[in-house]
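Okay, target_26.cif is below, mmCIF, C-alpha atoms:
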data_query
loop_
_atom_site.label_atom_id
_atom_site.label_comp_id
_atom_site.auth_asym_id
_atom_site.auth_seq_id
_atom_site.Cartn_x
_atom_site.Cartn_y
_atom_site.Cartn_z
CA THR A 26 -96.51 43.60 -53.16
CA TYR A 27 -99.09 45.87 -54.75
CA ILE A 28 -101.88 45.15 -57.30
CA ILE A 29 -103.48 47.75 -59.56
CA SER A 30 -106.83 46.84 -61.20
CA THR A 31 -108.74 48.94 -63.75
CA GLU A 32 -112.45 49.80 -63.53
CA GLY A 33 -114.66 51.04 -66.32
CA THR A 34 -117.33 49.88 -68.84
CA GLY A 35 -118.54 46.32 -69.13
CA CYS A 36 -115.50 45.40 -71.14
CA SER A 37 -112.68 43.34 -69.71
CA THR A 38 -110.58 44.88 -67.00
CA ASP A 39 -106.84 45.00 -66.73
CA GLY A 40 -104.37 44.92 -63.88
CA ALA A 41 -100.74 45.11 -62.91
CA THR A 42 -98.68 43.98 -59.96
CA GLY A 43 -95.35 44.96 -58.50
CA THR A 44 -93.15 44.45 -55.50
CA ILE A 45 -91.36 47.02 -53.36
CA VAL A 46 -88.50 45.54 -51.36
CA VAL A 47 -87.64 47.52 -48.21
CA LYS A 48 -84.14 46.82 -46.94
CA PRO A 49 -83.15 47.61 -43.36
CA ILE A 50 -80.66 50.34 -42.60
CA GLN A 51 -77.38 49.30 -41.01
CA SER A 52 -77.16 49.50 -37.25
CA ILE A 53 -74.59 48.88 -34.49
CA THR A 54 -75.36 48.96 -30.77
CA LEU A 55 -73.32 48.73 -27.57
CA THR A 56 -74.45 45.52 -25.86
CA GLY A 57 -71.72 44.96 -23.26
CA GLY A 58 -69.19 46.92 -21.23
CA GLN A 59 -68.55 50.64 -21.34
CA ALA A 60 -67.54 52.44 -24.51
CA ASN A 61 -65.36 54.92 -22.61
CA GLN A 62 -62.81 53.60 -20.13
CA ILE A 63 -59.78 54.79 -18.15
CA VAL A 64 -56.97 52.25 -17.87
CA CYS A 65 -53.28 52.03 -17.06
CA ASN A 66 -50.70 51.50 -19.76
CA VAL A 67 -49.44 47.90 -19.48
CA GLY A 68 -51.79 47.44 -16.51
CA SER A 69 -54.93 45.41 -15.94
CA PRO A 70 -57.08 44.37 -18.95
CA ILE A 71 -59.91 46.65 -19.99
CA GLN A 72 -63.50 45.64 -19.33
CA PRO A 73 -64.52 43.93 -22.62
CA ILE A 74 -66.59 46.17 -24.90
CA GLU A 75 -69.19 44.37 -27.03
CA TYR A 76 -71.03 45.73 -30.06
CA THR A 77 -73.81 43.97 -31.97
CA PHE A 78 -74.74 44.52 -35.63
CA SER A 79 -78.31 44.49 -36.85
CA GLY A 80 -80.35 45.45 -39.89
CA GLY A 81 -78.29 45.56 -43.05
CA ALA A 82 -74.91 45.57 -41.28
CA ASN A 83 -72.81 42.43 -41.41
CA THR A 84 -69.23 43.58 -40.77
CA TYR A 85 -67.26 46.69 -39.79
CA ASN A 86 -64.23 48.90 -40.13
CA ILE A 87 -62.49 50.26 -37.01
CA SER A 88 -59.98 53.09 -36.81
CA TRP A 89 -58.03 54.64 -33.92
CA THR A 90 -56.74 58.16 -33.41
CA GLY A 91 -53.05 57.83 -32.63
CA GLY A 92 -52.90 54.27 -33.96
CA PRO A 93 -53.66 50.89 -32.36
CA ILE A 94 -52.88 50.53 -28.66
CA GLY A 95 -52.55 46.77 -28.35
CA LEU A 96 -56.19 45.79 -27.85
CA ASN A 97 -57.83 42.78 -29.51
CA ILE A 98 -60.78 43.16 -31.89
CA LEU A 99 -62.64 39.85 -32.21
CA ASN A 100 -65.77 38.76 -34.02
CA THR A 101 -67.35 36.56 -31.36
CA SER A 102 -70.24 35.75 -33.72
CA SER A 103 -71.41 36.75 -37.18
CA LYS A 104 -73.14 39.79 -35.72
CA THR A 105 -70.96 40.67 -32.70
CA LEU A 106 -67.51 42.15 -32.11
CA THR A 107 -65.61 42.52 -28.84
CA ILE A 108 -62.77 44.89 -27.93
CA SER A 109 -60.64 43.39 -25.16
CA GLY A 110 -57.10 42.95 -23.85
CA THR A 111 -54.42 45.02 -22.14
CA VAL A 112 -53.36 48.44 -23.39
CA ASN A 113 -49.71 48.58 -24.43
CA VAL A 114 -48.93 51.83 -26.20
CA PRO A 115 -45.88 51.37 -28.46
CA GLY A 116 -42.99 53.36 -27.02
CA GLY A 117 -44.93 54.12 -23.83
CA ILE A 118 -46.42 57.44 -22.72
CA THR A 119 -45.43 59.98 -20.08
CA THR A 120 -48.74 61.88 -19.79
CA THR A 121 -52.39 60.87 -19.73
CA THR A 122 -53.41 60.25 -23.36
CA SER A 123 -56.83 59.59 -24.90
CA TYR A 124 -57.33 57.28 -27.88
CA THR A 125 -60.63 57.47 -29.76
CA TYR A 126 -61.94 54.50 -31.76
CA ILE A 127 -64.60 54.75 -34.46
CA ILE A 128 -66.47 51.71 -35.76
CA ASN A 129 -68.29 52.08 -39.12
CA THR A 130 -70.68 49.40 -40.32
CA ILE A 131 -70.41 47.66 -43.70
CA GLY A 132 -73.30 45.82 -45.30
CA ASN A 133 -76.09 46.49 -47.75
CA GLU A 134 -76.44 49.64 -49.82
CA CYS A 135 -78.61 51.36 -47.22
CA GLN A 136 -77.60 53.98 -44.68
CA THR A 137 -74.56 53.02 -42.60
CA ASP A 138 -74.12 53.46 -38.87
CA ALA A 139 -71.18 54.35 -36.64
CA VAL A 140 -70.25 54.35 -32.96
CA SER A 141 -67.23 55.64 -31.10
CA GLY A 142 -65.57 55.48 -27.73
CA VAL A 143 -62.53 56.78 -25.89
CA ILE A 144 -59.87 54.76 -24.07
CA THR A 145 -57.99 57.11 -21.72
CA VAL A 146 -54.57 55.69 -20.83
CA LEU A 147 -52.67 56.66 -17.70
CA PRO A 148 -48.86 56.49 -17.86
CA GLN A 149 -46.68 54.33 -15.67
CA LEU A 150 -44.69 56.13 -12.98
CA ASN A 151 -40.94 55.76 -13.19
CA TYR A 152 -37.69 57.57 -12.52
CA SER A 153 -34.32 58.03 -14.19
CA ILE A 154 -31.10 58.64 -12.24
CA SER A 155 -28.93 61.08 -14.16
CA THR A 156 -25.90 60.41 -11.96
CA PRO A 157 -25.95 56.62 -11.39
CA GLY A 158 -22.37 56.68 -10.15
CA THR A 159 -23.35 58.76 -7.11
CA ARG A 160 -26.35 56.70 -5.99
CA ASN A 161 -24.07 54.63 -3.73
CA GLN A 162 -21.17 56.66 -2.35
CA ILE A 163 -19.04 53.92 -0.81
CA ASP A 164 -15.54 52.44 -1.12
CA SER A 165 -13.46 54.74 -3.35
CA ASN A 166 -16.47 57.09 -3.64
CA ALA A 167 -16.95 57.43 0.13
CA ILE A 168 -17.16 60.99 1.45
CA CYS A 169 -14.63 62.50 3.81
CA ASN A 170 -15.77 63.71 7.20
CA GLY A 171 -17.55 67.08 6.94
CA ASP A 172 -17.38 67.29 3.14
CA PRO A 173 -20.47 67.67 0.93
CA ILE A 174 -21.81 64.52 -0.69
CA GLN A 175 -21.73 64.16 -4.45
CA ASP A 176 -25.02 65.35 -5.93
CA ILE A 177 -27.52 62.57 -6.69
CA ILE A 178 -29.70 63.82 -9.56
CA PHE A 179 -32.81 62.02 -10.80
CA GLY A 180 -35.94 62.74 -12.81
CA VAL A 181 -39.57 61.72 -12.32
CA ILE A 182 -41.17 60.21 -15.44
CA GLY A 183 -44.92 60.03 -16.02
CA GLY A 184 -47.93 61.89 -14.70
CA GLU A 185 -48.92 65.53 -14.49
CA GLY A 186 -48.59 68.18 -11.85
CA ALA A 187 -45.98 68.51 -9.14
CA ALA A 188 -44.08 65.38 -8.19
CA GLN A 189 -43.99 64.46 -4.52
CA VAL A 190 -40.57 63.21 -3.41
CA SER A 191 -39.34 62.23 0.03
CA LEU A 192 -35.88 61.28 1.36
CA THR A 193 -35.74 59.08 4.45
CA TRP A 194 -32.90 57.38 6.31
CA THR A 195 -33.57 53.69 6.83
CA THR A 196 -31.54 53.31 10.06
CA ASP A 197 -30.95 55.52 13.08
CA LYS A 198 -27.96 57.02 11.23
CA GLN A 199 -29.03 60.27 9.58
CA LEU A 200 -27.30 62.98 7.60
CA THR A 201 -29.25 65.89 8.98
CA ASN A 202 -27.80 68.43 6.54
CA VAL A 203 -28.56 66.37 3.42
CA SER A 204 -31.89 66.97 1.69
CA VAL A 205 -33.67 66.56 -1.65
CA THR A 206 -34.81 69.60 -3.65
CA PRO A 207 -36.60 70.04 -7.02
CA ASP A 208 -35.92 72.17 -10.03
CA GLY A 209 -38.46 74.76 -11.14
CA THR A 210 -40.68 72.19 -12.87
CA ASN A 211 -40.71 69.59 -10.06
CA THR A 212 -39.41 67.09 -12.61
CA ASN A 213 -35.69 66.84 -11.80
CA TRP A 214 -34.54 66.50 -8.20
CA THR A 215 -31.16 66.69 -6.46
CA ILE A 216 -29.98 65.14 -3.20
CA SER A 217 -27.18 67.27 -1.77
CA GLY A 218 -25.72 68.65 1.44
CA GLN A 219 -22.97 68.38 4.03
CA THR A 220 -21.96 65.23 5.88
CA ASN A 221 -21.75 64.92 9.65
CA ASN A 222 -18.61 65.09 11.76
CA ILE A 223 -17.89 61.50 12.80
CA SER A 224 -14.99 59.60 14.35
CA VAL A 225 -15.59 56.16 12.80
CA ILE A 226 -16.57 55.01 9.33
CA THR A 227 -20.36 55.33 9.16
CA ASP A 228 -22.87 54.17 6.53
CA TYR A 229 -26.06 56.15 5.96
CA PRO A 230 -28.60 54.00 4.01
CA TYR A 231 -31.40 56.06 2.46
CA LYS A 232 -34.62 55.58 0.53
CA VAL A 233 -36.26 57.92 -1.98
CA ASN A 234 -40.02 57.65 -2.57
CA LEU A 235 -41.63 59.28 -5.61
CA TYR A 236 -45.24 59.95 -6.55
CA ARG A 237 -46.88 62.08 -9.19
CA PRO A 238 -50.62 62.62 -9.78
CA GLY A 239 -52.06 61.15 -12.95
CA THR A 240 -50.10 57.90 -12.93
CA CYS A 241 -50.99 54.29 -12.35
CA VAL A 242 -49.17 53.43 -9.15
CA ALA A 243 -49.09 54.92 -5.69
CA SER A 244 -45.33 55.41 -5.61
CA VAL A 245 -41.98 54.10 -6.76
CA GLY A 246 -38.56 54.52 -5.21
CA PHE A 247 -34.92 53.55 -4.98
CA LEU A 248 -32.33 52.84 -2.27
CA GLY A 249 -28.75 53.92 -1.79
CA ILE A 250 -25.92 54.30 0.73
CA ILE A 251 -23.69 57.20 1.61
CA ARG A 252 -20.53 56.27 3.53
CA VAL A 253 -18.65 58.89 5.53
CA VAL A 254 -15.01 58.34 6.44
CA PRO A 255 -13.33 60.26 9.32
CA GLY A 256 -10.28 62.33 8.55
CA PRO A 257 -6.84 61.56 9.98
CA GLN A 258 -6.37 62.33 13.64
CA ILE A 259 -3.22 63.12 15.60
CA ASP A 260 -2.96 61.58 19.03
CA GLY A 261 -1.44 63.93 21.50
#
Can you present the structure in this file as structure tokens?
Amino acid sequence: TYIISTEGTGCSTDGATGTIVVKPIQSITLTGGQANQIVCNVGSPIQPIEYTFSGGANTYNISWTGGPIGLNILNTSSKTLTISGTVNVPGGITTTTSYTYIINTIGNECQTDAVSGVITVLPQLNYSISTPGTRNQIDSNAICNGDPIQDIIFGVIGGEGAAQVSLTWTTDKQLTNVSVTPDGTNTNWTISGQTNNISVITDYPYKVNLYRPGTCVASVGFLGIIRVVPGPQIDG
């Protein structure tokens, strides 16, 4: 409040008063957690992120690049909001993807405020077998002695860089001429090769382990069996 008084001759003075109302600008501040986080898609929950309003701010508007990713936005008090939950990107992702959120304050007519953060989401590691009928080569699909196996073709899904794939035999029976090889992009792989010469029906159980950098899990894998049947023999 201000007061203005006149000064002059011995006559009566005059005066005026007024009030200047100063309103606070809007403000939002990070008060808990980390604004930028790296998490797995459909993995563990994020560390809760808390923002507090002050000044002339009393609510907010939040937007995401790429659309919402399954997190919860809760007003835990009249002046606080919390981002929490587990990321679940609709449709899934196959490469590391960043999602930026922007929170703009809403309140009085004074200057607004805004904050932002980035949630970087790592994809799940998975595989897809293109030839499911050849995964287990037994019974009517068993391989004759000395013939090549039917190709087992599969793809690695998720992550960046070169996939790392290994083929191991889970018993002491091994097909030494069967191996796994990649295509030029290290994305699609083929198990192929010649069977051994044997005299009795023999099963060769195998395991394939897969890993690719930039994914959420150490490795995934699948099992299968290749059965080799000896050819007819003539006793002499």
Find the residues of range 71-142 of chain A that sit at most 9 Å from range 184-195 of chain A; for each, write down the nearest two atoms and how far apart they are in Å, to one decimal. Count only C-alpha atoms. Sort by chain, then by number going up, and give it as a Markdown table.
| residue | atom | partner | partner_atom | distance |
| --- | --- | --- | --- | --- |
| A:Thr119 | CA | A:Gly184 | CA | 6.2 |
| A:Thr120 | CA | A:Gly184 | CA | 5.2 |
| A:Thr121 | CA | A:Gly184 | CA | 6.8 |
Students should find that CA of Ser155 in chain A and CA of Ile177 in chain A are spaced 7.7 Å
Applying 12 Å and only C-alpha atoms, which residues near Lys232 in chain A remain after dropping the ones on its own chain fewer than 2 positions away? List them as a ChimeraX atom specification. /A:160-161,190-196,199,204-205,216,229-230,234-235,245-251
Ground truth for the PyMOL selection byres ((chain A and resi 226) around 12), written as an NGL selection string: :A and (163-164 or 167-170 or 198 or 221-225 or 227-229 or 251-257)
Pull out every residue that the PyMOL selection byres ((chain A and resi 91) around 9) matches in the shown coordinates and put them as number ranges by chain. A: 89-90, 92-94, 123-125
Written file, previous selection with C-alpha atoms, as a JSON list (two decimals), keeping the file's coordinate frame:
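Result file follows (selection_2.json):
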[["chain", "number", "residue", "atom", "x", "y", "z"],
["A", 89, "TRP", "CA", -58.03, 54.64, -33.92],
["A", 90, "THR", "CA", -56.74, 58.16, -33.41],
["A", 92, "GLY", "CA", -52.90, 54.27, -33.96],
["A", 93, "PRO", "CA", -53.66, 50.89, -32.36],
["A", 94, "ILE", "CA", -52.88, 50.53, -28.66],
["A", 123, "SER", "CA", -56.83, 59.59, -24.90],
["A", 124, "TYR", "CA", -57.33, 57.28, -27.88],
["A", 125, "THR", "CA", -60.63, 57.47, -29.76]]
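Atom pair CA of Thr56 in chain A / CA of Pro148 in chain A: separated by 29.0 Å.
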So how far away is CA of Thr77 in chain A from CA of Thr105 in chain A, in Å?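 Going from CA of Thr105 in chain A over to CA of Thr77 in chain A, I get 4.4 Å.
Considering the residues A:Thr26, A:Gly80, A:Thr34, A:Gly117 and counting only C-alpha atoms, Val46 in chain A has its shortest atom-to-atom contact with A:Thr26.
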If you apply the PyMOL selection byres ((chain A and resi 140) around 12) to this file, what residues do you get, as a VMD selection string? chain A and resid 51 to 55 60 to 61 75 to 78 85 to 88 125 to 130 137 to 139 141 to 143
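Residues with any atom within 8 Å of Leu99 in chain A, counting all atoms listed in the file and excluding same-chain neighbours fewer than 5 positions away, are Leu106, Thr107 and Ile108 of chain A.
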For range 97-105 of chain A, I'd like the enclosing box, axis-aligned and padded by 8 Å on every side, reported as lines of an AutoDock Vina configuration file with centre and edge lengths in Å to one decimal.
center_x = -65.5
center_y = 39.5
center_z = -33.3
size_x = 31.3
size_y = 23.4
size_z = 23.7
Distance query Ile178 in chain A at most 12 Å, all atoms listed in the file, self and fewer than 5 positions along chain excluded, as a PyMOL selection string: chain A and resi 152-160+204-208+212-217+233
Return the single residue from A:Ile144, A:Val112, A:Val67, A:Cys135 that is closest to Asn97 in chain A, with distances computed using all atoms listed in the file. A:Val112
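Candidate residues A:Tyr231, A:Gly239, A:Ile182, A:Val114 were compared for distance to Asn211 in chain A, and the nearest is A:Ile182, using only C-alpha atoms.
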Go through A:Asn202, A:Asn151, A:Ser165, A:Thr220 and flag the residue nearest Phe179 in chain A, using all atoms listed in the file for the distances. A:Asn151
Option closest in space to Gly132 in chain A, from A:Thr240, A:Gln72, A:Asn83, A:Thr201 [counting all atoms listed in the file]: A:Asn83
